[in-house]
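The structure file target.txt is reproduced below (compact mmCIF, C-alpha atoms and all ligand atoms).
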```
# COMPACT_ATOMS: atom_id res chain seq x y z
CA MET A 1 22.01 0.00 -19.87
CA THR A 2 18.81 -1.96 -20.10
CA ASP A 3 15.96 -3.00 -17.79
CA SER A 4 13.36 -0.84 -16.25
CA VAL A 5 13.73 1.00 -12.99
CA THR A 6 11.41 1.18 -9.98
CA LEU A 7 11.02 4.56 -8.36
CA VAL A 8 10.10 4.79 -4.70
CA GLU A 9 8.40 8.13 -4.14
CA MET A 10 9.41 9.90 -0.94
CA ALA A 11 7.50 13.20 -1.02
CA PRO A 12 4.63 12.38 1.36
CA ARG A 13 7.07 11.07 3.99
CA ASP A 14 10.67 12.32 3.65
CA GLY A 15 9.34 15.28 1.65
CA LEU A 16 6.97 16.54 4.32
CA GLN A 17 8.42 15.27 7.61
CA ASN A 18 10.64 18.32 8.03
CA GLU A 19 8.08 21.03 7.13
CA ALA A 20 7.87 23.54 9.95
CA SER A 21 4.15 24.24 9.77
CA GLN A 22 1.64 21.41 9.89
CA VAL A 23 0.63 20.32 6.39
CA PRO A 24 -3.12 19.62 6.36
CA THR A 25 -4.04 15.93 6.12
CA ALA A 26 -6.18 16.69 3.07
CA VAL A 27 -3.13 18.09 1.23
CA LYS A 28 -1.12 14.96 2.06
CA ILE A 29 -3.94 12.78 0.75
CA GLU A 30 -4.26 14.78 -2.47
CA LEU A 31 -0.46 14.64 -2.94
CA ILE A 32 -0.45 10.84 -2.69
CA GLU A 33 -3.40 10.50 -5.04
CA ARG A 34 -1.80 12.79 -7.62
CA LEU A 35 1.51 10.88 -7.42
CA ALA A 36 -0.31 7.59 -7.99
CA HIS A 37 -2.19 9.14 -10.90
CA SER A 38 1.11 10.12 -12.54
CA GLY A 39 2.02 6.42 -12.85
CA LEU A 40 4.31 5.94 -9.84
CA THR A 41 3.89 2.47 -8.37
CA HIS A 42 5.52 2.79 -4.95
CA ILE A 43 4.72 5.65 -2.61
CA GLU A 44 6.04 6.06 0.93
CA ALA A 45 2.92 7.59 2.36
CA ALA A 46 3.61 8.32 6.05
CA SER A 47 5.60 7.48 9.18
CA PHE A 48 4.36 5.69 12.26
CA VAL A 49 7.00 7.16 14.55
CA SER A 50 6.70 9.00 17.84
CA PRO A 51 4.67 12.21 17.29
CA LYS A 52 6.89 13.87 19.89
CA TRP A 53 9.90 13.25 17.65
CA VAL A 54 8.30 14.09 14.29
CA PRO A 55 5.02 15.98 14.85
CA GLN A 56 4.48 16.47 11.10
CA MET A 57 3.86 12.73 10.65
CA ALA A 58 1.33 12.40 13.50
CA ASP A 59 -1.64 11.96 11.14
CA GLY A 60 -0.40 8.82 9.35
CA GLN A 61 -3.50 6.85 10.28
CA ALA A 62 -5.82 9.52 8.84
CA VAL A 63 -3.68 9.84 5.70
CA LEU A 64 -3.85 6.12 4.96
CA ALA A 65 -7.56 6.01 5.73
CA GLY A 66 -8.23 8.97 3.42
CA ILE A 67 -6.50 7.94 0.19
CA LYS A 68 -8.37 6.30 -2.65
CA ARG A 69 -6.06 3.40 -3.33
CA GLN A 70 -4.92 2.34 -6.77
CA PRO A 71 -4.51 -1.44 -7.02
CA GLN A 72 -1.15 -1.25 -8.82
CA VAL A 73 0.40 1.02 -6.17
CA ILE A 74 2.29 -0.09 -3.06
CA TYR A 75 1.65 2.30 -0.17
CA SER A 76 4.43 1.93 2.41
CA VAL A 77 5.21 3.62 5.73
CA LEU A 78 8.16 4.03 8.11
CA THR A 79 8.07 2.03 11.33
CA PRO A 80 10.89 2.32 13.92
CA ASN A 81 9.58 -0.40 16.25
CA LEU A 82 6.84 -2.94 16.92
CA GLN A 83 4.48 -0.20 18.11
CA GLY A 84 4.85 1.49 14.72
CA LEU A 85 4.29 -1.76 12.85
CA LYS A 86 1.08 -2.50 14.77
CA ALA A 87 -0.23 0.96 13.91
CA ALA A 88 0.81 0.48 10.28
CA LEU A 89 -0.98 -2.86 10.09
CA ALA A 90 -4.13 -1.33 11.58
CA ALA A 91 -3.92 1.42 8.94
CA GLY A 92 -3.58 -1.11 6.12
CA ALA A 93 -0.04 -0.30 4.90
CA ASP A 94 1.09 -2.61 2.09
CA GLN A 95 4.74 -2.49 3.10
CA VAL A 96 6.76 -1.02 5.97
CA ALA A 97 10.31 0.24 6.34
CA VAL A 98 12.65 0.08 9.29
CA PHE A 99 15.51 2.56 9.54
CA THR A 100 18.89 2.61 11.16
CA ALA A 101 22.24 4.12 10.22
CA ALA A 102 25.85 3.39 9.38
CA SER A 103 27.00 5.89 12.00
CA GLU A 104 26.39 5.47 15.72
CA SER A 105 25.83 9.14 16.50
CA PHE A 106 23.25 9.71 13.76
CA CYS A 107 21.42 6.58 14.89
CA GLN A 108 21.37 7.89 18.44
CA HIS A 109 20.12 11.34 17.38
CA ASN A 110 17.47 9.96 15.01
CA ILE A 111 15.99 7.03 16.91
CA ASN A 112 17.53 7.32 20.38
CA ALA A 113 19.31 3.99 20.08
CA SER A 114 22.64 2.46 19.16
CA ILE A 115 22.84 0.59 15.84
CA ALA A 116 22.85 -2.73 17.73
CA THR A 117 19.78 -1.74 19.78
CA SER A 118 17.96 -0.60 16.65
CA LEU A 119 18.60 -3.97 14.99
CA ALA A 120 17.42 -5.79 18.10
CA ARG A 121 14.18 -3.73 18.00
CA PHE A 122 13.62 -4.77 14.40
CA ALA A 123 13.68 -8.51 15.16
CA PRO A 124 10.15 -8.76 16.63
CA LEU A 125 8.92 -6.30 14.01
CA LEU A 126 10.25 -8.49 11.19
CA ALA A 127 8.74 -11.59 12.81
CA LEU A 128 5.25 -10.06 12.99
CA ALA A 129 5.53 -8.57 9.50
CA LYS A 130 6.46 -12.00 8.13
CA GLU A 131 3.49 -13.55 9.86
CA GLN A 132 1.27 -10.89 8.27
CA ASN A 133 2.92 -11.18 4.82
CA ILE A 134 4.08 -7.58 4.92
CA PRO A 135 7.44 -6.95 3.20
CA VAL A 136 9.91 -4.88 5.19
CA ARG A 137 12.34 -2.48 3.54
CA GLY A 138 15.46 -1.48 5.49
CA TYR A 139 17.09 1.94 5.36
CA VAL A 140 20.71 2.59 6.19
CA SER A 141 21.21 6.33 6.71
CA THR A 142 24.50 8.24 6.62
CA VAL A 143 26.17 5.69 4.32
CA LEU A 144 28.74 8.28 3.16
CA ASP A 145 28.86 11.10 5.70
CA CYS A 146 27.41 11.71 9.14
CA PRO A 147 26.55 15.22 10.42
CA TYR A 148 28.16 14.37 13.77
CA GLU A 149 31.05 12.02 12.85
CA GLY A 150 32.13 13.01 9.32
CA ALA A 151 33.10 10.41 6.71
CA ILE A 152 31.77 6.88 7.06
CA THR A 153 33.64 3.94 5.57
CA PRO A 154 32.01 1.71 2.92
CA ALA A 155 32.75 -1.24 5.22
CA ALA A 156 30.64 0.29 8.02
CA ALA A 157 27.72 0.84 5.65
CA ALA A 158 28.09 -2.68 4.25
CA ARG A 159 28.02 -4.20 7.76
CA VAL A 160 24.67 -2.61 8.59
CA ALA A 161 23.17 -3.33 5.17
CA SER A 162 24.23 -6.95 5.54
CA ALA A 163 22.66 -7.20 9.00
CA LEU A 164 19.32 -5.88 7.72
CA HIS A 165 19.43 -8.23 4.76
CA GLN A 166 20.20 -11.23 6.97
CA MET A 167 17.35 -10.32 9.27
CA GLY A 168 14.92 -10.58 6.36
CA CYS A 169 14.52 -7.09 4.88
CA CYS A 170 13.37 -7.50 1.29
CA GLU A 171 15.30 -4.48 0.07
CA ILE A 172 17.96 -2.18 1.51
CA SER A 173 17.92 1.52 0.71
CA LEU A 174 21.29 3.26 1.05
CA GLY A 175 20.80 6.81 2.27
CA ASP A 176 23.15 9.67 1.52
CA THR A 177 21.30 11.59 4.20
CA LEU A 178 23.42 14.73 3.93
CA GLY A 179 23.64 14.79 0.13
CA THR A 180 27.41 15.20 0.19
CA GLY A 181 28.35 12.12 -1.85
CA THR A 182 30.19 12.13 -5.16
CA PRO A 183 30.31 9.34 -7.78
CA ARG A 184 33.66 7.83 -6.88
CA ARG A 185 32.61 7.40 -3.27
CA VAL A 186 29.27 5.97 -4.36
CA LEU A 187 31.12 3.45 -6.49
CA ALA A 188 33.26 2.37 -3.50
CA LEU A 189 30.12 2.13 -1.38
CA LEU A 190 28.28 -0.03 -3.91
CA ASN A 191 31.31 -2.25 -4.40
CA ALA A 192 31.41 -2.93 -0.66
CA VAL A 193 27.67 -3.32 -0.09
CA SER A 194 27.07 -5.53 -3.13
CA GLN A 195 29.51 -8.09 -1.64
CA GLU A 196 26.92 -8.52 1.13
CA VAL A 197 23.53 -7.83 -0.47
CA PRO A 198 22.48 -8.77 -4.02
CA LEU A 199 22.29 -5.72 -6.30
CA ALA A 200 18.66 -6.50 -7.15
CA GLN A 201 17.78 -5.88 -3.49
CA LEU A 202 19.59 -2.55 -3.18
CA ALA A 203 18.06 0.91 -3.60
CA VAL A 204 19.75 4.31 -3.54
CA HIS A 205 18.41 7.31 -1.64
CA PHE A 206 20.24 10.51 -2.47
CA HIS A 207 19.58 13.88 -0.93
CA ASP A 208 20.74 16.58 -3.31
CA THR A 209 22.37 19.17 -1.06
CA TYR A 210 25.48 19.50 -3.23
CA GLY A 211 23.77 18.86 -6.59
CA GLN A 212 25.47 15.48 -7.03
CA ALA A 213 22.43 13.21 -6.83
CA LEU A 214 21.89 12.65 -10.56
CA ALA A 215 25.58 11.94 -11.15
CA ASN A 216 25.46 9.49 -8.25
CA ILE A 217 22.32 7.86 -9.63
CA TYR A 218 23.95 7.44 -13.02
CA VAL A 219 26.90 5.64 -11.44
CA ALA A 220 24.49 3.46 -9.47
CA LEU A 221 22.58 2.57 -12.65
CA GLU A 222 25.84 1.62 -14.34
CA GLN A 223 26.57 -0.71 -11.43
CA GLY A 224 23.17 -2.38 -11.87
CA ILE A 225 21.01 -0.64 -9.26
CA ARG A 226 17.38 -0.57 -10.42
CA ILE A 227 15.52 0.91 -7.44
CA ILE A 228 15.75 4.65 -6.87
CA ASP A 229 14.21 6.82 -4.14
CA SER A 230 13.20 10.35 -5.12
CA SER A 231 10.77 13.07 -4.13
CA VAL A 232 8.58 15.27 -6.30
CA ALA A 233 9.71 18.92 -6.36
CA GLY A 234 12.88 17.83 -4.55
CA LEU A 235 11.10 17.96 -1.19
CA GLY A 236 12.69 16.35 1.81
CA GLY A 237 15.07 16.40 4.72
CA CYS A 238 15.54 14.73 8.03
CA PRO A 239 14.91 16.70 11.25
CA TYR A 240 17.98 15.00 12.74
CA ALA A 241 20.36 15.77 9.84
CA PRO A 242 21.12 19.49 10.17
CA GLY A 243 22.20 21.12 6.91
CA ALA A 244 20.74 18.47 4.62
CA SER A 245 18.42 19.48 1.82
CA GLY A 246 15.71 17.61 -0.06
CA ASN A 247 15.79 14.34 -1.95
CA VAL A 248 16.67 14.29 -5.62
CA ALA A 249 13.59 15.50 -7.51
CA THR A 250 11.48 12.74 -9.05
CA GLU A 251 11.00 14.92 -12.16
CA GLU A 252 14.80 14.96 -12.71
CA VAL A 253 15.09 11.19 -12.26
CA VAL A 254 12.17 10.50 -14.61
CA TYR A 255 13.62 12.86 -17.24
CA LEU A 256 16.99 11.09 -16.99
CA LEU A 257 15.48 7.60 -17.10
CA GLN A 258 13.20 8.40 -20.01
CA GLY A 259 16.23 9.73 -21.88
CA LEU A 260 17.95 6.41 -21.19
CA GLY A 261 14.86 4.43 -22.28
CA MET A 262 14.59 2.92 -18.80
CA LEU A 263 11.20 4.21 -17.67
CA THR A 264 8.03 4.46 -19.65
CA SER A 265 5.20 4.19 -17.18
CA VAL A 266 5.32 7.62 -15.55
CA SER A 267 3.73 10.76 -17.00
CA LEU A 268 6.21 13.59 -16.65
CA ASP A 269 3.42 16.07 -17.46
CA GLU A 270 1.40 14.88 -14.46
CA LEU A 271 4.43 14.76 -12.22
CA VAL A 272 5.49 18.30 -13.09
CA LEU A 273 1.97 19.59 -12.36
CA THR A 274 2.01 17.77 -9.02
CA GLY A 275 5.41 19.23 -8.14
CA ARG A 276 4.19 22.73 -8.95
CA TRP A 277 0.97 22.19 -7.01
CA ILE A 278 2.65 20.93 -3.82
CA SER A 279 5.30 23.68 -3.96
CA GLN A 280 2.47 26.22 -4.09
CA GLN A 281 0.64 24.52 -1.20
CA LEU A 282 3.79 24.67 0.93
CA GLY A 283 4.74 28.18 -0.19
CA ARG A 284 8.09 26.86 -1.38
CA ARG A 285 10.14 27.44 -4.50
CA ASN A 286 9.90 24.34 -6.69
CA GLY A 287 13.09 22.34 -6.04
CA SER A 288 12.96 20.60 -9.43
CA LYS A 289 14.80 22.11 -12.40
CA VAL A 290 12.67 20.02 -14.77
CA GLY A 291 9.57 21.24 -12.94
CA LEU A 292 10.62 24.84 -13.53
CA ALA A 293 11.64 24.36 -17.16
CA TRP A 294 8.92 21.99 -18.46
CA THR A 295 6.73 23.76 -21.00
CA LYS A 296 4.43 21.05 -22.34
P1 LIG B 1 12.09 6.95 22.49
O1 LIG B 1 11.68 8.25 23.15
O2 LIG B 1 13.42 6.37 22.83
O3 LIG B 1 10.96 5.81 22.60
O4 LIG B 1 12.01 7.18 20.92
P2 LIG B 1 10.21 5.12 23.75
O5 LIG B 1 10.01 3.71 23.35
O6 LIG B 1 10.85 5.41 25.09
O7 LIG B 1 8.78 5.84 23.71
C1 LIG B 1 8.63 7.21 24.07
C2 LIG B 1 7.23 7.66 23.66
O8 LIG B 1 7.08 7.56 22.26
C3 LIG B 1 6.12 6.82 24.29
O9 LIG B 1 5.02 7.69 24.47
C4 LIG B 1 5.79 5.85 23.20
O10 LIG B 1 4.47 5.38 23.27
C5 LIG B 1 5.96 6.70 21.96
P3 LIG B 1 4.70 8.38 25.91
O11 LIG B 1 4.55 7.22 26.85
O12 LIG B 1 5.92 9.23 26.24
O13 LIG B 1 3.48 9.19 25.63
N1 LIG B 1 6.28 5.90 20.78
C6 LIG B 1 5.54 5.91 19.65
N2 LIG B 1 4.46 6.60 19.29
C7 LIG B 1 3.96 6.37 18.06
N3 LIG B 1 4.51 5.50 17.18
C8 LIG B 1 5.61 4.80 17.51
C9 LIG B 1 6.16 5.00 18.79
N4 LIG B 1 7.23 4.46 19.41
C10 LIG B 1 7.28 5.02 20.63
N5 LIG B 1 6.14 3.96 16.62
C11 LIG B 1 11.62 6.38 18.68
C12 LIG B 1 12.34 6.15 20.02
C13 LIG B 1 12.25 5.45 17.69
C14 LIG B 1 10.14 6.08 18.89
C15 LIG B 1 11.82 7.89 18.29
O14 LIG B 1 13.17 8.19 18.34
C16 LIG B 1 11.29 8.18 16.91
O15 LIG B 1 10.08 8.09 16.67
N6 LIG B 1 12.18 8.57 15.99
C17 LIG B 1 11.78 8.81 14.59
C18 LIG B 1 12.69 9.77 13.94
C19 LIG B 1 12.31 9.95 12.49
O16 LIG B 1 11.19 9.67 12.10
N7 LIG B 1 13.26 10.47 11.71
C20 LIG B 1 13.03 10.71 10.31
C21 LIG B 1 12.90 9.48 9.49
S1 LIG B 1 14.44 8.72 9.07
C22 LIG B 1 14.97 9.57 7.66
O17 LIG B 1 14.38 10.54 7.28
C23 LIG B 1 16.13 9.01 6.89
C24 LIG B 1 15.72 8.33 5.60
O18 LIG B 1 15.00 9.22 4.76
C25 LIG B 1 16.96 7.82 4.84
C26 LIG B 1 18.05 8.90 4.70
O19 LIG B 1 17.78 9.98 4.12
O20 LIG B 1 19.13 8.64 5.21
C27 LIG B 1 14.82 7.11 5.87
MG MG B 2 15.94 10.71 3.47
```
Turn this file's structure into structure tokens for me.
Amino acid sequence: MTDSVTLVEMAPRDGLQNEASQVPTAVKIELIERLAHSGLTHIEAASFVSPKWVPQMADGQAVLAGIKRQPQVIYSVLTPNLQGLKAALAAGADQVAVFTAASESFCQHNINASIATSLARFAPLLALAKEQNIPVRGYVSTVLDCPYEGAITPAAAARVASALHQMGCCEISLGDTLGTGTPRRVLALLNAVSQEVPLAQLAVHFHDTYGQALANIYVALEQGIRIIDSSVAGLGGCPYAPGASGNVATEEVVYLLQGLGMLTSVSLDELVLTGRWISQQLGRRNGSKVGLAWTK
């Protein structure tokens, strides 16, 4: 395998959105600055969603205002609707992300809308973002399994990915929200989705509940995927996906990619220190095996 890989860092958003006690804004800001300092070039910094739905993300505006920005880093945020995009623009986000799902019931639980309604909501958002030159990423959650419906077919995931792509999303991130996927199913998923969306515009987003994320990432790399979502210290989880654990740890992904010669720009030393620091701040056991083992 050749080519370099882009990592999209999830810890400040997916990583923190499910924390029970409010994480201070200053800690979020320091986390983002440390992640940028480690050499990561794309950081999902916050969500501009309803604070009633996800109270932990209510301080997105203050987070974006507080960070010292690095010119080489893209700071993106989640936006479920036009209201979120307008807030994101006011806060100076470089990129935004819309999110829907391959399963109707997860979509309903997560954003109180059917898949079709969610896509209709994204149309005016995409139009304004285009006018403002803001790229829009699209997430498809529950591409393999849904907490309410069970297994999801690759064709269902491909349909939604295709719709987002046709609407103008620059990149589609395929979310194994529950972290139940295994490589053969990932292969079937990628085969179906890549008929609809060019591989270069696909990202993978694996939660690691069953410890399969790295195996799934390896399969995705073999298929030509070059954009991977991950979260330092393995933080993460969706409030509307009961039973799901954190994202694959960025430390694990960096260790794998460096071993494959596919990533040179990230300092694993810095990343490991950041993972240990944020775990301590949250009073959590570090969810990264590399973070626990690293001795340099
Ligand atoms: P709703 O209640 O149907 O919305 O929620 P509404 O339009 O009727 O508005 C209700 C209230 O929310 C109003 O306030 C709006 O102003 C406010 P009120 O009049 O009651 O005071 N509101 C907003 N406030 C701030 N920012 C906004 C916004 N929009 C409305 N953008 C809505 C619909 C989509 C807003 C809600 O369901 C929501 O915010 N859901 C977000 C859920 C979420 O963030 N989930 C986690 C992220 S997704 C994820 O983690 C998966 C991913 O990681 C991939 C994977 O792992 O699969 C991406
Ligand atoms: Mg997620």
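Around ligand MG 2 (chain B), using all atoms listed in the file and a cut-off of 8 Å, the residues in contact are Met10, Asp14, Ser141, Gly175, Asp176, Thr177, His205, Phe206, His207, Gly236, Gly237, Cys238, Gly246 and Asn247 of chain A.
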Determine the nearest neighbour of Val290 (chain A) from the options A:Met57, A:Ile29, A:Leu273, A:Val193, counting only C-alpha atoms.
A:Leu273
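Those protein and nucleic acid residues that have any atom within 6 Å of ligand LIG 1 (chain B) are, using only C-alpha atoms and all ligand atoms, Asp14, Phe48, Val49, Ser50, Pro51, Trp53, Val54, Thr79, Pro80, Asn81, Gln83, Gly84, Phe99, Asn110, Ile111, Asn112, Tyr139, Ser141, Thr142, Gly175, Asp176, Thr177 and Cys238 of chain A.
The interatomic distance for the pair CA of Ala97 (chain A) and CA of Val136 (chain A) works out to 5.3 Å.
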Each residue of region 100-181 of chain A lying at most 12 Å from region 196-204 of chain A should get a row with its shortest atom-to-atom pair and the distance in Å to one decimal, counting all atoms listed in the file; could you produce that, ordered by chain and increasing number, as a tab-separated table?
```
residue	atom	partner	partner_atom	distance
A:Val136	CA	A:Gln201	CA	11.8
A:Arg137	CA	A:Gln201	CA	9.5
A:Gly138	CA	A:Leu202	CA	9.7
A:Tyr139	CA	A:Ala203	CA	9.1
A:Val140	CA	A:Val204	CA	9.9
A:Ser141	CA	A:Val204	CA	10.5
A:Thr142	CA	A:Val204	CA	11.9
A:Val143	CA	A:Val204	CA	10.2
A:Leu144	CA	A:Val204	CA	11.9
A:Pro154	CA	A:Glu196	CA	11.6
A:Ala155	CA	A:Glu196	CA	10.2
A:Ala156	CA	A:Glu196	CA	11.8
A:Ala157	CA	A:Glu196	CA	10.4
A:Ala158	CA	A:Glu196	CA	6.7
A:Arg159	CA	A:Glu196	CA	8.0
A:Val160	CA	A:Glu196	CA	9.8
A:Ala161	CA	A:Val197	CA	7.2
A:Ser162	CA	A:Glu196	CA	5.4
A:Ala163	CA	A:Glu196	CA	9.0
A:Leu164	CA	A:Val197	CA	9.4
A:His165	CA	A:Val197	CA	6.7
A:Gln166	CA	A:Val197	CA	8.8
A:Met167	CA	A:Val197	CA	11.8
A:Gly168	CA	A:Gln201	CA	11.3
A:Cys169	CA	A:Gln201	CA	9.1
A:Cys170	CA	A:Gln201	CA	6.7
A:Glu171	CA	A:Gln201	CA	4.6
A:Ile172	CA	A:Leu202	CA	5.0
A:Ser173	CA	A:Ala203	CA	4.4
A:Leu174	CA	A:Val204	CA	5.0
A:Gly175	CA	A:Val204	CA	6.4
A:Asp176	CA	A:Val204	CA	8.1
A:Thr177	CA	A:Val204	CA	10.7
A:Gly179	CA	A:Val204	CA	11.8
A:Gly181	CA	A:Val204	CA	11.7
```
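Taking CA of Val27 (chain A) and CA of Arg13 (chain A) as endpoints, the distance between them is 12.7 Å.
Between CA of Asn18 (chain A) and CA of Pro55 (chain A) the separation is 9.1 Å.
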Residues within 8 Å of Val186 (chain A), only C-alpha atoms, excluding chain neighbours under 6 positions, as a PDB file with C-alpha atoms, keeping the file's coordinate frame:
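Just written: out.pdb:
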```pdb
ATOM      1  CA  LEU A 144      28.740   8.280   3.160  1.00  0.00           C
ATOM      2  CA  ASN A 216      25.460   9.490  -8.250  1.00  0.00           C
ATOM      3  CA  VAL A 219      26.900   5.640 -11.440  1.00  0.00           C
ATOM      4  CA  ALA A 220      24.490   3.460  -9.470  1.00  0.00           C
TER       5      ALA A 220
END
```
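Using only C-alpha atoms for every distance, the candidate list A:Cys146, A:Ala46, A:Ile227, A:Val96 yields A:Ala46 as the residue closest to Asp59 (chain A).
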Counting all atoms listed in the file, the option among A:Ile278, A:Ala26, A:Ala215, A:Ala45 closest to Leu235 (chain A):
A:Ile278
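Restricting the calculation to only C-alpha atoms, the smallest distance between Thr264 (chain A) and any of A:Ala91, A:Ile115, A:Val5, A:Leu64 is found for A:Val5.
Nearest residue to Ser38 (chain A), choosing from A:Thr250, A:Ser288, A:Gln280, A:Gln95 and counting all atoms listed in the file: A:Thr250.
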Contact residues around Gln223 (chain A) with all atoms listed in the file at 9 Å, ignoring same-chain residues under 6 positions, as a PyMOL selection string:
chain A and resi 187+190-191+199
Size and centre in Å, one decimal, axis-aligned box, all listed region 27-44 of chain A atoms plus 5 Å per side, as JSON:
```
{"center_x": 0.9, "center_y": 10.3, "center_z": -5.4, "size_x": 20.3, "size_y": 25.6, "size_z": 24.9}
```
Closest of A:Leu31, A:Val23, A:Trp294, A:Gly39 to Leu263 (chain A), counting only C-alpha atoms, is A:Gly39
